[in-house]
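Take a look at the structure below.
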Amino acid sequence: MEENRLCQWTAIRSILAIVQWWGFNVTVIIMNKWIFQKLDFKFPLSVSSIHFICSAIGAYLVIKVLKLKPLITVEPEDRWKRIFPMSFVFCINIVLGNVSLRYIPVSFMQTIKSFTPATTVILQWLVWRKYFDWRIWASLVPIVGGILLTSITELSFNMFGFCAALFGCLATSTKTILAESLLHGYKFDSINTVYYMAPFATMILAVPALLLEGAGVLEWFRTTPDLLSSLVIIFGSGVMAFCLNFSIFYVIHSTTAVTFNVAGNLKVAVAVTCSWLIFRNPISPMNAFGCAVTLVGCTFYGYVRQMISNQPPGTPRTPRTPRNRAEMIPLVNDKLDDKV
């Protein structure tokens, strides 16, 4: 009886964790798009800076004040040698995501973001000459095909936004690959990652944001009719961005790797649907089909990775049996690659 209740509570906790993760993720995406499109605050560097500041404050409160999560101690020398390079890539990743949101619909941006598994595998193959099982490469075919179909049939296509989203995938892959080498020896969770990286990211982005967008932001302040409510939405998106990181920490500890993978792909579908209901951006049937193919491909890719990782260590010619040191880096850390 007690065992049944425990299983039921575990299942309920997993569902609640996934739902609140979806909620924060979709809220952040919709709020950012609303800021760029409805509030006419077309300053992605400034929005990203606000997100970093709110995340830094939130992580400090959670770790230092509320003590909800223990602090992972990092040597001062490692903060500059390891954390700072990661923060730089992290910063580029977030900025490119916000830039793409300014120019392309949420549905298109989220579909392109699903290209990240392919860019991660290709980068590791090109740079580290890492061997991958043929099933990994086969699982990437529907992802690439779906992205191509979605791009060709996108009715609101913008080349600049498309390139920003695509380079954002590369930045995400680079961040994930670098994390395996630069953060080796540190078992970071999402909260500690934000605690160390957000201040560096703010420092990196503050000067470019002031130089490139400062005048425009001041002009927006003078011309915006309902300034207070607009600022509440802008800073609220920063608070939601931190809450998203906290929700990732919760969902990681409440689900299995397979559940996390499937829920992550369904999250994209939820975000696409919600954005369409709010912004009503035109989506053709072929465009929707391309998005669906991409999500199915991502789910299949996750399934293949999980299947290969469960093979015995002695099984020949799999990513678990590297032929040299350059092949020691894992494919990708699924559970930490979705931070905002």
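Please note that chains go A, B, ... in the order of the structure tokens, that every chain numbers its residues from 1, and that ligands are numbered from 1 in the order shown.
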
#### Entry: Spatial neighbours of Val217 of chain A, max dist 9 Å, only C-alpha atoms, sep filter under 6 positions, as a ChimeraX atom specification
/A:41-43,46,210

### Message
What's around Ala288 of chain A at 10 Å? Count only C-alpha atoms, leave out sequence neighbours fewer than 6 positions away in its own chain, and write the answer as a VMD selection string.
### Response
chain A and resid 107 to 108 111 146 149 to 150 153 to 154 272 294

### Summary
From the list A:Ala209, A:Leu183, A:Cys91, A:Met109, the nearest residue to Ala271 of chain A using only C-alpha atoms is A:Met109

### Task
Find the residues around Pro105 of chain A up to 10 Å (only C-alpha atoms counted), leave out those fewer than 4 positions away in its own chain, and share them as an MDAnalysis selection string.
chainID A and resid 33 100:101 109:110 154:158 161 272 275:276 279:283

Would you export the selected residues with N, CA, C and O atoms as a PDB file, in the first residue's frame, please?
ATOM      1  N   LYS A  33       8.639  37.809 -26.894  1.00  0.00           N
ATOM      2  CA  LYS A  33       8.058  38.169 -28.195  1.00  0.00           C
ATOM      3  C   LYS A  33       7.107  39.355 -28.044  1.00  0.00           C
ATOM      4  O   LYS A  33       7.068  40.253 -28.906  1.00  0.00           O
ATOM      5  N   SER A 100      16.739  36.579 -32.575  1.00  0.00           N
ATOM      6  CA  SER A 100      15.892  35.830 -33.513  1.00  0.00           C
ATOM      7  C   SER A 100      14.412  36.042 -33.209  1.00  0.00           C
ATOM      8  O   SER A 100      13.592  36.131 -34.133  1.00  0.00           O
ATOM      9  N   LEU A 101      14.061  36.147 -31.915  1.00  0.00           N
ATOM     10  CA  LEU A 101      12.662  36.378 -31.553  1.00  0.00           C
ATOM     11  C   LEU A 101      12.145  37.714 -32.059  1.00  0.00           C
ATOM     12  O   LEU A 101      10.959  37.874 -32.318  1.00  0.00           O
ATOM     13  N   MET A 109      11.257  30.010 -34.734  1.00  0.00           N
ATOM     14  CA  MET A 109      12.449  30.063 -33.878  1.00  0.00           C
ATOM     15  C   MET A 109      12.603  28.778 -33.068  1.00  0.00           C
ATOM     16  O   MET A 109      13.708  28.222 -32.949  1.00  0.00           O
ATOM     17  N   GLN A 110      11.487  28.273 -32.509  1.00  0.00           N
ATOM     18  CA  GLN A 110      11.547  27.056 -31.710  1.00  0.00           C
ATOM     19  C   GLN A 110      11.887  25.835 -32.553  1.00  0.00           C
ATOM     20  O   GLN A 110      12.598  24.928 -32.109  1.00  0.00           O
ATOM     21  N   GLU A 154       8.201  28.636 -44.576  1.00  0.00           N
ATOM     22  CA  GLU A 154       7.886  29.667 -43.588  1.00  0.00           C
ATOM     23  C   GLU A 154       7.360  30.931 -44.267  1.00  0.00           C
ATOM     24  O   GLU A 154       8.043  31.539 -45.105  1.00  0.00           O
ATOM     25  N   LEU A 155       6.145  31.347 -43.912  1.00  0.00           N
ATOM     26  CA  LEU A 155       5.506  32.503 -44.552  1.00  0.00           C
ATOM     27  C   LEU A 155       6.059  33.824 -44.030  1.00  0.00           C
ATOM     28  O   LEU A 155       5.928  34.852 -44.693  1.00  0.00           O
ATOM     29  N   SER A 156       6.644  33.818 -42.836  1.00  0.00           N
ATOM     30  CA  SER A 156       7.194  35.049 -42.246  1.00  0.00           C
ATOM     31  C   SER A 156       8.721  34.958 -42.166  1.00  0.00           C
ATOM     32  O   SER A 156       9.329  35.402 -41.193  1.00  0.00           O
ATOM     33  N   PHE A 157       9.325  34.385 -43.198  1.00  0.00           N
ATOM     34  CA  PHE A 157      10.772  34.147 -43.185  1.00  0.00           C
ATOM     35  C   PHE A 157      11.545  35.461 -43.181  1.00  0.00           C
ATOM     36  O   PHE A 157      11.226  36.392 -43.925  1.00  0.00           O
ATOM     37  N   ASN A 158      12.561  35.530 -42.320  1.00  0.00           N
ATOM     38  CA  ASN A 158      13.474  36.667 -42.267  1.00  0.00           C
ATOM     39  C   ASN A 158      14.892  36.113 -42.154  1.00  0.00           C
ATOM     40  O   ASN A 158      15.193  35.376 -41.215  1.00  0.00           O
ATOM     41  N   GLY A 161      16.842  36.941 -38.853  1.00  0.00           N
ATOM     42  CA  GLY A 161      16.328  36.175 -37.723  1.00  0.00           C
ATOM     43  C   GLY A 161      16.667  34.698 -37.838  1.00  0.00           C
ATOM     44  O   GLY A 161      16.989  34.046 -36.836  1.00  0.00           O
ATOM     45  N   VAL A 272       4.861  26.502 -29.485  1.00  0.00           N
ATOM     46  CA  VAL A 272       4.418  26.858 -30.845  1.00  0.00           C
ATOM     47  C   VAL A 272       2.915  27.109 -30.865  1.00  0.00           C
ATOM     48  O   VAL A 272       2.430  28.097 -31.440  1.00  0.00           O
ATOM     49  N   SER A 275       1.984  30.356 -28.910  1.00  0.00           N
ATOM     50  CA  SER A 275       2.394  31.563 -29.641  1.00  0.00           C
ATOM     51  C   SER A 275       1.465  31.837 -30.807  1.00  0.00           C
ATOM     52  O   SER A 275       1.134  32.993 -31.101  1.00  0.00           O
ATOM     53  N   TRP A 276       1.022  30.768 -31.476  1.00  0.00           N
ATOM     54  CA  TRP A 276       0.106  30.953 -32.602  1.00  0.00           C
ATOM     55  C   TRP A 276      -1.245  31.487 -32.115  1.00  0.00           C
ATOM     56  O   TRP A 276      -1.845  32.357 -32.755  1.00  0.00           O
ATOM     57  N   PHE A 279      -0.315  35.373 -31.117  1.00  0.00           N
ATOM     58  CA  PHE A 279       0.167  36.299 -32.144  1.00  0.00           C
ATOM     59  C   PHE A 279      -0.437  36.050 -33.517  1.00  0.00           C
ATOM     60  O   PHE A 279      -0.317  36.900 -34.403  1.00  0.00           O
ATOM     61  N   ARG A 280      -1.035  34.876 -33.707  1.00  0.00           N
ATOM     62  CA  ARG A 280      -1.720  34.553 -34.961  1.00  0.00           C
ATOM     63  C   ARG A 280      -0.803  34.712 -36.180  1.00  0.00           C
ATOM     64  O   ARG A 280      -1.248  35.177 -37.238  1.00  0.00           O
ATOM     65  N   ASN A 281       0.450  34.331 -36.054  1.00  0.00           N
ATOM     66  CA  ASN A 281       1.334  34.368 -37.214  1.00  0.00           C
ATOM     67  C   ASN A 281       0.935  33.265 -38.185  1.00  0.00           C
ATOM     68  O   ASN A 281       0.590  32.148 -37.772  1.00  0.00           O
ATOM     69  N   PRO A 282       0.945  33.557 -39.489  1.00  0.00           N
ATOM     70  CA  PRO A 282       0.471  32.571 -40.472  1.00  0.00           C
ATOM     71  C   PRO A 282       1.369  31.338 -40.521  1.00  0.00           C
ATOM     72  O   PRO A 282       2.596  31.436 -40.572  1.00  0.00           O
ATOM     73  N   ILE A 283       0.748  30.160 -40.489  1.00  0.00           N
ATOM     74  CA  ILE A 283       1.466  28.889 -40.580  1.00  0.00           C
ATOM     75  C   ILE A 283       0.782  28.036 -41.642  1.00  0.00           C
ATOM     76  O   ILE A 283      -0.412  27.735 -41.534  1.00  0.00           O
TER      77      ILE A 283
END

### Query
Got a sec: who's within 12 Å of Ile18 of chain A, counting only C-alpha atoms, leaving out chain neighbours fewer than 2 positions off, as a VMD selection string?
chain A and resid 11 to 16 20 to 25 244 247 to 256 259 to 267 270

Would you export the selected residues with C-alpha atoms as a compact mmCIF listing (two decimals), in the first residue's frame, please?
# COMPACT_ATOMS: atom_id res chain seq x y z
CA ALA A 11 4.22 10.21 -10.84
CA ILE A 12 2.26 13.27 -9.66
CA ARG A 13 5.47 15.08 -8.74
CA SER A 14 6.94 14.35 -12.18
CA ILE A 15 3.81 15.66 -13.91
CA LEU A 16 3.76 18.82 -11.77
CA GLN A 20 5.56 24.12 -14.27
CA TRP A 21 8.65 23.81 -16.50
CA TRP A 22 6.46 24.12 -19.58
CA GLY A 23 4.64 27.05 -18.01
CA PHE A 24 7.77 29.07 -17.23
CA ASN A 25 9.37 28.26 -20.58
CA LEU A 244 12.71 28.89 -15.60
CA SER A 247 12.14 24.90 -12.71
CA ILE A 248 14.79 23.08 -14.75
CA PHE A 249 16.57 22.16 -11.52
CA TYR A 250 13.28 20.79 -10.15
CA VAL A 251 12.29 18.82 -13.27
CA ILE A 252 15.76 17.24 -13.58
CA HIS A 253 15.41 15.74 -10.11
CA SER A 254 11.82 14.59 -10.68
CA THR A 255 12.00 12.80 -14.06
CA THR A 256 14.06 10.22 -15.89
CA THR A 259 10.79 11.49 -19.79
CA PHE A 260 12.88 14.67 -19.86
CA ASN A 261 13.64 14.19 -23.55
CA VAL A 262 10.01 13.56 -24.56
CA ALA A 263 8.74 16.39 -22.35
CA GLY A 264 11.32 18.74 -23.87
CA ASN A 265 10.04 18.08 -27.38
CA LEU A 266 6.41 18.35 -26.32
CA LYS A 267 7.33 21.66 -24.68
CA VAL A 270 3.15 23.69 -26.54

### Message
For Ala164 of chain A, find every residue with an atom within 12 Å (counting only C-alpha atoms), except residues of its own chain fewer than 3 positions away, and show them as a ChimeraX atom specification.
### Response
/A:44,92-104,108-109,112-113,158-161,167-171

### Query
From the list A:Gln37, A:Gln8, A:Ser55, A:Thr116, which residue is nearest Val239 of chain A when using only C-alpha atoms?
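Checking each of A:Gln37, A:Gln8, A:Ser55, A:Thr116 against Val239 of chain A, counting only C-alpha atoms, the winner is A:Ser55.
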
### Task
Could you tell me how far atom CA of Gly236 of chain A lies from atom CA of Ala59 of chain A, in Å and to one decimal?
15.8 Å

#### Entry: Residues flagged alpha helix (DSSP H) by DSSP in segment 97-313 of chain A, as a PyMOL selection string
chain A and resi 97-103+106-113+116-127+134-153+159-182+190-223+227-252+257-279+285-309

### Query
Contacts of Ile278 of chain A at 10 Å or less, counting only C-alpha atoms, minus same-chain residues fewer than 4 places along, as a PyMOL selection string?
chain A and resi 30+34+273-274

### Message
I'd like to know which of A:Thr119, A:Ser139, A:Ser309, A:Ser87 is closest to Leu182 of chain A, using only C-alpha atoms.
### Response
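The closest residue to Leu182 of chain A is A:Ser87.
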
## Note on the structure
A straight line from atom CA of Ile50 of chain A to atom CA of Ile177 of chain A spans 26.4 Å

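Atom CA of Tyr195 of chain A is positioned 9.7 Å from atom CA of Leu61 of chain A.
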